[in-house]
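This report concerns only the one structure given below.
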Protein chains: 4
Amino acid sequence: MQKLEFTLSAGPVEVTAATLAGLAKPIQYHYDDDFKATFRRVQEKTAEILQTRNDVLILQGEAILGLEGALKSLVTPGMKVLNLVQGIFGKGTGYWLRDFGAEVHELEVGYDDAVTPEMVEEFLDAHPSIEMVCLVASETPSGTVTDVSRIGPMCRDRGILTYVDTVSGVLGMEHRTDDWGLDLCVTGPQKCLGGAPGLSLISVSQRAWDKIYSNPAAPRDSYLSLLDWKEKWLGDGRFPYTPSVSDINGLEAALDQALAEGIDQVIQRHVDARELTKAGARAMGLEFWARREESMSACVTSIRLPDDIDNAEVRDLARSKYGVMFSHGQGAGNLIRLSHMGSTAGGFHSIVGLTALGRTLLDLGMKLDLGMKLDVGAGVDAALEVLSEQRGRQRSAADALV
Amino acid sequence: MQKLEFTLSAGPVEVTAATLAGLAKPIQYHYDDDFKATFRRVQEKTAEILQTRNDVLILQGEAILGLEGALKSLVTPGMKVLNLVQGIFGKGTGYWLRDFGAEVHELEVGYDDAVTPEMVEEFLDAHPSIEMVCLVASETPSGTVTDVSRIGPMCRDRGILTYVDTVSGVLGMEHRTDDWGLDLCVTGPQKCLGGAPGLSLISVSQRAWDKIYSNPAAPRDSYLSLLDWKEKWLGDGRFPYTPSVSDINGLEAALDQALAEGIDQVIQRHVDARELTKAGARAMGLEFWARREESMSACVTSIRLPDDIDNAEVRDLARSKYGVMFSHGQGAGNLIRLSHMGSTAGGFHSIVGLTALGRTLLDLGMKLDLGMKLDVGAGVDAALEVLSEQRGRQRSAADALV
Amino acid sequence: MQKLEFTLSAGPVEVTAATLAGLAKPIQYHYDDDFKATFRRVQEKTAEILQTRNDVLILQGEAILGLEGALKSLVTPGMKVLNLVQGIFGKGTGYWLRDFGAEVHELEVGYDDAVTPEMVEEFLDAHPSIEMVCLVASETPSGTVTDVSRIGPMCRDRGILTYVDTVSGVLGMEHRTDDWGLDLCVTGPQKCLGGAPGLSLISVSQRAWDKIYSNPAAPRDSYLSLLDWKEKWLGDGRFPYTPSVSDINGLEAALDQALAEGIDQVIQRHVDARELTKAGARAMGLEFWARREESMSACVTSIRLPDDIDNAEVRDLARSKYGVMFSHGQGAGNLIRLSHMGSTAGGFHSIVGLTALGRTLLDLGMKLDLGMKLDVGAGVDAALEVLSEQRGRQRSAADALV
Amino acid sequence: MQKLEFTLSAGPVEVTAATLAGLAKPIQYHYDDDFKATFRRVQEKTAEILQTRNDVLILQGEAILGLEGALKSLVTPGMKVLNLVQGIFGKGTGYWLRDFGAEVHELEVGYDDAVTPEMVEEFLDAHPSIEMVCLVASETPSGTVTDVSRIGPMCRDRGILTYVDTVSGVLGMEHRTDDWGLDLCVTGPQKCLGGAPGLSLISVSQRAWDKIYSNPAAPRDSYLSLLDWKEKWLGDGRFPYTPSVSDINGLEAALDQALAEGIDQVIQRHVDARELTKAGARAMGLEFWARREESMSACVTSIRLPDDIDNAEVRDLARSKYGVMFSHGQGAGNLIRLSHMGSTAGGFHSIVGLTALGRTLLDLGMKLDLGMKLDVGAGVDAALEVLSEQRGRQRSAADALV
């Protein structure tokens, strides 16, 4: 197998040397006042990127821990929940909801499509007893997004709780916890923040806490518990269990870099990367997975493969022959993902992605409609055209500031 | 507050530069074949220190995750369980057992004492229907151990399952999963292995799997699930969720160092550190927390404080004035812990611990019985005497090999 | 200025995380036996890549220190020296030779050309009193090489000393100190080895030592001295001055990676990178700096710019607008260098280089002859074609081994 | 050999994790504007600890490079120089001075003694033609200091140049380049600054530059040259040769830590460490090497050994049996050095040093006068008494600020 040259996967992503240096800081005892101060500082910085004044919890476990613990804390038997399904993670939320005893309603579309605010509005009008809406802001496996900016306020105004899986959403798209009235949000460091996997970053509104406190089944004295963190750590300054010191230090390093760059700038960098990747892929002759362009996420561009080319084959060849690691769709469909996330959301990482994918497809003999060959060169030219324009615009803007 | 000069806490401990370098390795995508090979290699090395051919699971969460998940997987309603309680963690096991519906029997002694194999034997003779015995091999908060080497085989021979919390036991005392017939063992990297916190290392015997498979309440599709790891990862090569790449790399670095040193040598290093610490503390005029010397753990020496000196005060002064971080008993009693664990289980780290603790107690005006003052100098002399003898013996042994 | 995304400069180059981890190892006292053993081990590994059994010295200073110290040690007043000049470093050698009192003869060609073995042979035939030949194996600033494999043995057979500056030659082209009878070779870690700058790696033959010992002006008790290292360190185990512990550790890490990959494999990797870069640049419509293709180095591809485009302008725009760092010719001419050296000698780093350079030139309005525009896409297609073939060949070879 | 537990050598010293992280930063091309800015910033921070507005040069080579290059730049044939000799480095300066053609006058005392300002004044009164005074502020091998604060101004007022080797002086004792009128100062990162070895940090006054410019023998186009750095780098922004990127990054990390702590605080920390070490050693029954207590340096405490115990034997036993690395006197005499330098200038590192040295001497059967045994315990008690008082004073001072 060829030595790894580039990791362009959909998270965990390549992280910067500064983030690795954070992970490598000396391990301190978790009850050292220094470390407790670090932990609190990291909470505050996390609140900043979540744009919230709500409580922020940092659980030691990949985001799936936060998602499960939060949902289990919120759901009571018979609770009426609307679950929006447009991908694998949304589908999974539904399974959990049923396990936890909710009365589940679902708005489901194809995994290459998006549930629209209009569909949600219509449903809520017709079902005024809905108590909670669950949604996935950014479905990483298929590279599509849901419009939280409209669905969030819609729920808040109706007194409906919102549970938002935004693991790959934060910093890859606009995310305003408080402005949009989102009650429970879960994200992770290993996506657009460009950190290491291993933590669940959670914001909990007062309304959500009220619901959780009224739920006798909300986990307590458990690794899944949000209440333990609320009462023991936020309340008494005692950790429910030993936190991962290195993960916290690594998270702080990643947060510091993002905040120094600026939240809006980080988001724009992801959007720019998507635009040049889209331009390149289209000019190359590739087809997007997403049915609607406006629902394509900024952190990953999903390419629809023809039926005769298996995505696993593509991924394996790109990795073993070219040393470039892509992600497939984790079951969402026959697609391959060009990721531009965290530190790989720059210009030339996408050029690498486009050329490596393009050449791999050529090697596999991929034909376009009408038998035309993929045109990698044309794709690169188009992507560079977009990049040149983006960077020119940034330089003009920077000059204007002087 | 004085700058931190030494962390002598009871885990997380100071880790070596090589372990930090492991944590700082580039983050790879978890489905990269390279990383999957790394994960499997780390499992094998973990099996080596657990001395087992059973399945080994590495869950991404501090050991408490493994302990909870494993217990929940094993316990069925009405199951007859004997729980050995000689400290805080044993006590906690009992709470969980009751929550999970077991019929709980307990052998409980003071937290400065140990449940003996004789007590267990007598109980099991009298209660032949016991299906599982739960025990904590090393109660870190009070620094006492349980004799697993005798209780384990006793249970195996009677067909009773064993659930062993040996978080600070592995590498700090003899531990033989297979030889002693232990069914479910949980440890973590942040104690005697000298790694970073953040992972649960679990071994599961076939007997334990049989029990778990027969348990409808065993967690599935959950962060707490052992079955998910068994079926998805061990079975199909799919991770139930994204593992913490950096924690796995850090764990491998710590394991490599331990295995290069040799398991017996690492254990002996801990025993030696205890011996010199004990000699020093005794000569200084301090009293041990443990009632029986033979139950003192090799990873931490607990010192009993007089009633008029609060352990929190001692810890705070040592940290804020001298830059030395100790642990208190986390509720086990009015004690302070001199840790010698992982990379701090050497000779002079214990000298630092003894002198920093001694001087802090003098500053607080601690009097010995009969009003004698602590004699720090005498303690150091005694500790150095033991150290000189230990090292002399090692050098003779090494010479003899040539 | 755009954030740095890729460093494609002609050394120092981007180094691997493993090399950075080497640099970050704990600093040991240089007289610790551990460190002395490390130093000796690093000497041996350096000898391996220099393919020699001669003494190896590691001076603490960038290669220019080794070059100066060695030349000053060898040259006696009136010594007849032939200096081969085909670039900036060769030119500089001549200045030093004159300063040190040699009778200097030079064979000089344009900096885009190479002195051939035939020219050297003819000169030596005509000047049998020449005592030493000085040459630069790889002129990094212009990206051209000299054929040491033929000139070396030619000198050895005539009893003429050779002084070889092969700073960017070792691991980027074949280099056989002993087989070719090279007397004094100097290289550095920051080029094809992919290490950090800061050290001079020198091999000295017995013949060279004899010459140095007979030279009363050879530096002693000086930072420039080779004799101090020979007598104090190699002889007595005392360092002439404190070596840079971190640089030695970093060097060992880089050497370990190169030796694990294999010397021939590392060289082939550089050759492959050159071939795909050449194919890409040619198809794009660019002109090479080197007049003869056979003298193009494998570590850097120099592109000749038209007179109306200044290389500084190109480099500045690529860096400030695109975050890609190139090198210019350091005075060798109006050229820009696409480097593929050390860890950047892979496939897709060259794709980044080609596209970033191409697009920058387009932005600057570069026209080809006949007014044709640069065709970046065509360049990428051609480079990928070569890459696909190279990797296919490697895979076939690997398969054949099974 | 026992695994290394503590490095208490007289430089290179153990460095902090933050300094190691600096050394491990990604390698940038030296002509990247980012790196050039870093280099200039590091110069400014170096000027801060040297307390000067003079030019600061950072040469890539251990301090001996700066010392040699600077002296060679300053000395003209027949120049009348007074060299103060109280240790090995002062002695070495004299050898160089003679090599470089100076008319050398020396004031020499035993290596356990110090040349006093009065001796210098008397000499200068009697020899008004002296043009330069050379002195070593802190003779690391013997642990003694010279009073630069009085000798510096004395020379300035007489128009005499000063050449000051203060490699282990800066941050270990007061050092005021400009206030004291010092013309040429050389220091290094690996002593009291707690950095890695590998760089020469030099300040040059205008008067010194004038002298150098008037010296035709001042090195040019040489690794030893100060003029190359003045003209090429400070003048034109071109490096005379590739600087060590990692060393510069490591130096910045060390400087940042020192400046954050405060120059006066760092010095006081060294003074405090000396005081507690002295108190401990004296109470233990050891004898100081230095004849005058006021000339004992704050970075290292030299212990005089009796004739029947060889310092090499002590050092070897401490390292091989106890894993503690000390330095001997590098030829200054039969002494052993307890270092408290950089990050090891804390409280408990000195306790480790005292106990490890004491016990090693006991193992070797060292007798005090009158046959009394060393009293290690008494030494520790005395050292802790001083430490307790120092830290109490600091806490009171800190409280007073609130």
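By order in the structure tokens, chains are A, B, ...; within a chain, residues start at 1; ligands start at 1, following the order shown.
For Leu124 in chain B, the residues within 10 Å (counting only C-alpha atoms, excluding itself and residues fewer than 2 positions away along the chain) are Leu82, Glu118, Met119, Val120, Glu121, Glu122, Ala126, His127, Pro128, Ser129, Ile130, Glu131, Val133, Met154, Cys155, Arg158 and Ile160 of chain B.
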May I have a table of the residues of chain B lying at most 6 Å from chain D, giving each one's closest pair of atoms and their distance in Å to one decimal, counting only C-alpha atoms, ordered by chain and ascending residue number, as a tab-separated table?
residue	atom	partner	partner_atom	distance
B:Gly377	CA	D:Gly377	CA	3.5
B:Ala378	CA	D:Gly377	CA	5.6
B:Val380	CA	D:Gly377	CA	5.9
B:Asp381	CA	D:Gly377	CA	5.5
*Backbone-only DSSP, helix (DSSP H, G or I) members of range 34-252 of chain C, as a count of residues only*: 88
Contact residues around Arg150 in chain A with only C-alpha atoms at 12 Å, ignoring same-chain residues under 4 positions, as a compact mmCIF listing (two decimals) with N, CA and C atoms, in the first residue's frame:
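What ended up in part_24.txt:
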# COMPACT_ATOMS: atom_id res chain seq x y z
N VAL A 115 -35.16 17.94 4.12
CA VAL A 115 -36.46 18.33 4.66
C VAL A 115 -36.48 19.85 4.73
N THR A 116 -37.49 20.46 4.14
CA THR A 116 -37.51 21.92 4.09
C THR A 116 -38.28 22.52 5.28
N PRO A 117 -37.99 23.76 5.60
CA PRO A 117 -38.75 24.45 6.65
C PRO A 117 -40.25 24.44 6.34
N GLU A 118 -40.58 24.53 5.07
CA GLU A 118 -42.00 24.54 4.70
C GLU A 118 -42.67 23.23 5.10
N MET A 119 -41.99 22.12 4.84
CA MET A 119 -42.54 20.81 5.22
C MET A 119 -42.75 20.75 6.73
N VAL A 120 -41.78 21.27 7.46
CA VAL A 120 -41.86 21.23 8.93
C VAL A 120 -43.03 22.10 9.40
N GLU A 121 -43.13 23.27 8.82
CA GLU A 121 -44.19 24.18 9.23
C GLU A 121 -45.56 23.56 9.01
N ALA A 137 -28.38 18.95 11.62
CA ALA A 137 -28.08 20.16 10.85
C ALA A 137 -27.26 19.83 9.62
N THR A 146 -29.65 20.85 6.69
CA THR A 146 -31.03 21.23 6.96
C THR A 146 -31.02 22.70 7.38
N MET A 154 -38.88 28.70 14.39
CA MET A 154 -40.26 28.21 14.22
C MET A 154 -40.68 27.38 15.44
N CYS A 155 -39.79 26.53 15.91
CA CYS A 155 -40.08 25.69 17.07
C CYS A 155 -40.13 26.52 18.35
N ARG A 156 -39.12 27.35 18.50
CA ARG A 156 -39.08 28.20 19.70
C ARG A 156 -40.40 28.97 19.84
N ASP A 157 -40.87 29.55 18.72
CA ASP A 157 -42.07 30.37 18.79
C ASP A 157 -43.31 29.55 19.15
N GLU A 174 -23.41 28.52 9.31
CA GLU A 174 -23.85 29.41 10.37
C GLU A 174 -24.55 28.58 11.45
N HIS A 175 -24.26 28.88 12.68
CA HIS A 175 -24.93 28.18 13.77
C HIS A 175 -25.11 29.16 14.93
N ARG A 176 -26.36 29.47 15.27
CA ARG A 176 -26.63 30.46 16.33
C ARG A 176 -27.58 29.85 17.36
N ASP A 179 -29.72 32.81 19.20
CA ASP A 179 -30.55 33.59 18.29
C ASP A 179 -31.67 32.74 17.68
N TRP A 180 -31.39 31.50 17.48
CA TRP A 180 -32.39 30.63 16.86
C TRP A 180 -33.18 29.82 17.89
N GLY A 181 -32.86 30.03 19.16
CA GLY A 181 -33.63 29.37 20.21
C GLY A 181 -33.47 27.86 20.27
N LEU A 182 -32.27 27.38 19.98
CA LEU A 182 -32.05 25.93 19.98
C LEU A 182 -31.83 25.44 21.41
_Which residues are close to Gly87 in chain B, i.e. within 12 Å by only C-alpha atoms, leaving aside same-chain residues fewer than 4 positions away? Reply as number ranges by chain._
B: 83, 91-94, 107-115, 135-146, 165, 290, 329-333
*Can you tell me, as a PyMOL selection string, what residues are no more than 12 Å from Val15 in chain B when counting only C-alpha atoms, ignoring any on the same chain fewer than 4 positions away?*
(chain A and resi 24-29+245-246) or (chain B and resi 6-9+11+19-23+189-197+250-251+253-254+257+341-345) or (chain D and resi 17)
Output the selection as a short mmCIF file (atom, residue, chain, number, x, y, z; two decimals), in the first residue's frame - N, CA, C and O atoms for each residue.
data_model
loop_
_atom_site.label_atom_id
_atom_site.label_comp_id
_atom_site.auth_asym_id
_atom_site.auth_seq_id
_atom_site.Cartn_x
_atom_site.Cartn_y
_atom_site.Cartn_z
N ALA A 24 -0.41 17.16 23.19
CA ALA A 24 0.83 16.65 23.79
C ALA A 24 1.25 17.43 25.03
O ALA A 24 2.33 17.19 25.57
N LYS A 25 0.41 18.34 25.49
CA LYS A 25 0.77 19.06 26.72
C LYS A 25 0.87 18.09 27.90
O LYS A 25 0.15 17.10 27.95
N PRO A 26 1.74 18.38 28.86
CA PRO A 26 1.87 17.49 30.02
C PRO A 26 0.51 17.21 30.66
O PRO A 26 -0.35 18.10 30.73
N ILE A 27 0.34 15.96 31.08
CA ILE A 27 -0.91 15.57 31.73
C ILE A 27 -0.90 16.10 33.17
O ILE A 27 0.04 15.84 33.92
N GLN A 28 -1.92 16.83 33.52
CA GLN A 28 -2.05 17.32 34.89
C GLN A 28 -3.13 16.51 35.61
O GLN A 28 -4.03 15.97 34.97
N TYR A 29 -3.03 16.49 36.91
CA TYR A 29 -4.09 15.89 37.71
C TYR A 29 -5.36 16.71 37.49
O TYR A 29 -5.30 17.93 37.48
N VAL A 245 -7.63 14.64 30.04
CA VAL A 245 -6.85 15.86 30.13
C VAL A 245 -6.29 16.25 28.76
O VAL A 245 -6.35 17.41 28.34
N SER A 246 -5.77 15.28 28.04
CA SER A 246 -5.15 15.60 26.75
C SER A 246 -6.20 16.06 25.73
O SER A 246 -5.94 16.97 24.95
N PHE B 6 5.83 19.35 40.71
CA PHE B 6 5.67 17.89 40.62
C PHE B 6 4.21 17.49 40.78
O PHE B 6 3.54 17.96 41.69
N THR B 7 3.74 16.61 39.92
CA THR B 7 2.42 16.00 40.06
C THR B 7 2.60 14.60 40.63
O THR B 7 3.12 13.72 39.95
N LEU B 8 2.21 14.42 41.87
CA LEU B 8 2.32 13.12 42.52
C LEU B 8 0.95 12.62 42.91
O LEU B 8 0.74 12.05 43.98
N SER B 9 0.01 12.87 42.02
CA SER B 9 -1.38 12.51 42.28
C SER B 9 -1.62 11.05 41.92
O SER B 9 -0.80 10.42 41.25
N GLY B 11 -3.35 9.55 39.80
CA GLY B 11 -3.86 9.34 38.45
C GLY B 11 -5.00 10.28 38.16
O GLY B 11 -5.90 10.37 38.97
N THR B 19 5.18 9.08 25.76
CA THR B 19 3.73 8.93 25.74
C THR B 19 3.07 10.19 25.17
O THR B 19 2.14 10.11 24.36
N LEU B 20 3.58 11.34 25.56
CA LEU B 20 3.04 12.59 24.98
C LEU B 20 3.26 12.61 23.47
O LEU B 20 2.39 13.06 22.71
N ALA B 21 4.42 12.12 23.04
CA ALA B 21 4.68 12.07 21.60
C ALA B 21 3.68 11.15 20.90
O ALA B 21 3.25 11.42 19.78
N GLY B 22 3.30 10.07 21.58
CA GLY B 22 2.27 9.19 21.02
C GLY B 22 0.96 9.94 20.85
O GLY B 22 0.31 9.87 19.80
N LEU B 23 0.56 10.68 21.87
CA LEU B 23 -0.69 11.45 21.81
C LEU B 23 -0.65 12.47 20.68
O LEU B 23 -1.70 12.86 20.16
N PRO B 189 -5.56 3.40 31.25
CA PRO B 189 -4.16 3.69 30.98
C PRO B 189 -3.53 4.67 31.96
O PRO B 189 -2.31 4.78 32.03
N GLN B 190 -4.32 5.41 32.72
CA GLN B 190 -3.80 6.58 33.43
C GLN B 190 -3.25 6.29 34.82
O GLN B 190 -3.00 7.21 35.59
N LYS B 191 -3.12 5.02 35.16
CA LYS B 191 -2.60 4.68 36.50
C LYS B 191 -1.21 4.08 36.35
O LYS B 191 -0.29 4.78 35.94
N CYS B 192 -1.04 2.81 36.66
CA CYS B 192 0.31 2.23 36.68
C CYS B 192 0.95 2.12 35.30
O CYS B 192 2.17 2.06 35.17
N LEU B 193 0.14 2.12 34.27
CA LEU B 193 0.69 2.09 32.92
C LEU B 193 1.32 3.44 32.57
O LEU B 193 2.15 3.54 31.68
N GLY B 194 0.90 4.48 33.29
CA GLY B 194 1.48 5.80 33.05
C GLY B 194 1.02 6.45 31.77
O GLY B 194 1.77 7.21 31.15
N GLY B 195 -0.21 6.20 31.37
CA GLY B 195 -0.75 6.81 30.16
C GLY B 195 -1.72 7.95 30.47
O GLY B 195 -1.84 8.40 31.61
N ALA B 196 -2.43 8.37 29.44
CA ALA B 196 -3.40 9.45 29.59
C ALA B 196 -4.78 8.85 29.88
O ALA B 196 -5.09 7.77 29.42
N PRO B 197 -5.60 9.57 30.65
CA PRO B 197 -6.95 9.05 30.89
C PRO B 197 -7.78 9.17 29.61
O PRO B 197 -7.44 9.94 28.73
N GLY B 250 -1.64 7.28 21.95
CA GLY B 250 -1.00 7.50 23.25
C GLY B 250 -0.92 6.21 24.05
O GLY B 250 0.09 5.91 24.70
N LEU B 251 -2.00 5.42 23.97
CA LEU B 251 -2.01 4.13 24.68
C LEU B 251 -0.92 3.22 24.13
O LEU B 251 -0.20 2.56 24.89
N ALA B 253 1.88 4.01 22.79
CA ALA B 253 3.20 4.47 23.27
C ALA B 253 3.43 4.02 24.71
O ALA B 253 4.52 3.54 25.06
N ALA B 254 2.42 4.13 25.55
CA ALA B 254 2.57 3.73 26.95
C ALA B 254 2.76 2.21 27.05
O ALA B 254 3.61 1.72 27.82
N GLN B 257 6.30 1.14 26.05
CA GLN B 257 7.30 1.38 27.09
C GLN B 257 7.21 0.32 28.19
O GLN B 257 8.22 -0.19 28.68
N MET B 341 3.34 5.94 40.89
CA MET B 341 2.49 5.30 39.89
C MET B 341 3.01 5.67 38.50
O MET B 341 3.33 6.82 38.25
N GLY B 342 3.09 4.70 37.63
CA GLY B 342 3.55 5.01 36.28
C GLY B 342 4.94 5.59 36.33
O GLY B 342 5.83 5.05 36.99
N SER B 343 5.14 6.71 35.66
CA SER B 343 6.49 7.27 35.56
C SER B 343 6.97 7.87 36.88
O SER B 343 8.14 8.19 37.02
N THR B 344 6.07 8.04 37.85
CA THR B 344 6.52 8.59 39.13
C THR B 344 6.89 7.48 40.11
O THR B 344 7.25 7.76 41.25
N ALA B 345 6.79 6.25 39.68
CA ALA B 345 7.26 5.14 40.51
C ALA B 345 8.75 4.94 40.26
O ALA B 345 9.17 3.99 39.62
N ALA D 17 8.08 21.37 28.80
CA ALA D 17 7.30 20.84 27.67
C ALA D 17 6.97 21.95 26.68
O ALA D 17 6.91 21.71 25.47
#
_Can you tell me, as a PyMOL selection string, which residues in range 191-235 of chain A count as strand (DSSP E) by DSSP?_
chain A and resi 200-204
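Residues within 10 Å of Glu287 in chain D, counting only C-alpha atoms and excluding same-chain residues fewer than 4 positions away, are Lys278, Ala281, Arg282, Ala283, Arg291, Ser302, Ile303, Arg304, Leu305, Pro306, Leu335 and Leu368 of chain D.
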Any chance you could export the current selection's N, CA, C and O atoms as a compact mmCIF listing (two decimals), in the first residue's frame?
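File produced: selection30.txt:
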# COMPACT_ATOMS: atom_id res chain seq x y z
N LYS D 278 22.58 25.68 49.28
CA LYS D 278 23.71 25.97 50.17
C LYS D 278 23.39 25.55 51.59
O LYS D 278 24.20 24.91 52.27
N ALA D 281 23.44 21.75 51.78
CA ALA D 281 24.76 21.15 51.65
C ALA D 281 25.58 21.41 52.90
O ALA D 281 26.28 20.52 53.41
N ARG D 282 25.49 22.61 53.43
CA ARG D 282 26.26 22.95 54.62
C ARG D 282 25.81 22.09 55.80
O ARG D 282 26.65 21.50 56.51
N ALA D 283 24.52 22.00 56.00
CA ALA D 283 24.02 21.24 57.14
C ALA D 283 24.32 19.74 56.99
O ALA D 283 24.42 19.01 57.99
N ARG D 291 35.87 29.54 47.41
CA ARG D 291 36.57 30.05 48.58
C ARG D 291 35.78 31.19 49.22
O ARG D 291 35.80 31.37 50.42
N SER D 302 28.82 24.30 43.56
CA SER D 302 29.92 23.36 43.42
C SER D 302 30.38 22.88 44.79
O SER D 302 30.62 23.67 45.69
N ILE D 303 30.45 21.56 44.92
CA ILE D 303 30.84 20.93 46.17
C ILE D 303 32.27 20.40 46.03
O ILE D 303 32.57 19.68 45.07
N ARG D 304 33.11 20.77 46.97
CA ARG D 304 34.50 20.32 46.95
C ARG D 304 34.55 18.89 47.52
O ARG D 304 34.02 18.63 48.60
N LEU D 305 35.17 18.00 46.80
CA LEU D 305 35.27 16.62 47.28
C LEU D 305 36.63 16.40 47.94
O LEU D 305 37.62 17.04 47.58
N PRO D 306 36.66 15.50 48.90
CA PRO D 306 37.95 15.17 49.50
C PRO D 306 38.82 14.45 48.46
O PRO D 306 38.30 13.90 47.50
N LEU D 335 35.52 18.44 42.01
CA LEU D 335 34.25 18.98 42.52
C LEU D 335 33.10 18.31 41.81
O LEU D 335 33.25 17.67 40.78
N LEU D 368 33.46 12.77 56.84
CA LEU D 368 33.72 14.19 57.07
C LEU D 368 34.94 14.29 57.97
O LEU D 368 35.47 13.29 58.45
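What separates CA of Ser149 in chain A from CA of Gly169 in chain A is a distance of 12.0 Å.
We find CA of Gln43 in chain D and CA of Thr16 in chain A to be spaced 26.4 Å apart.
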_I'd like the contact shell of range 68-76 of chain D - 9 Å cut-off, only C-alpha atoms, skipping same-chain residues fewer than 2 positions apart - returned as a ChimeraX atom specification._
/C:222-223 /D:63-66,78-79,81,93,96-97,100-102,132,163,184-186,202,204,208-209,211-213,215-219,223-227
_Using Å and a single decimal, report how far CA of Tyr31 in chain B sits from CA of Tyr241 in chain B._
11.1 Å
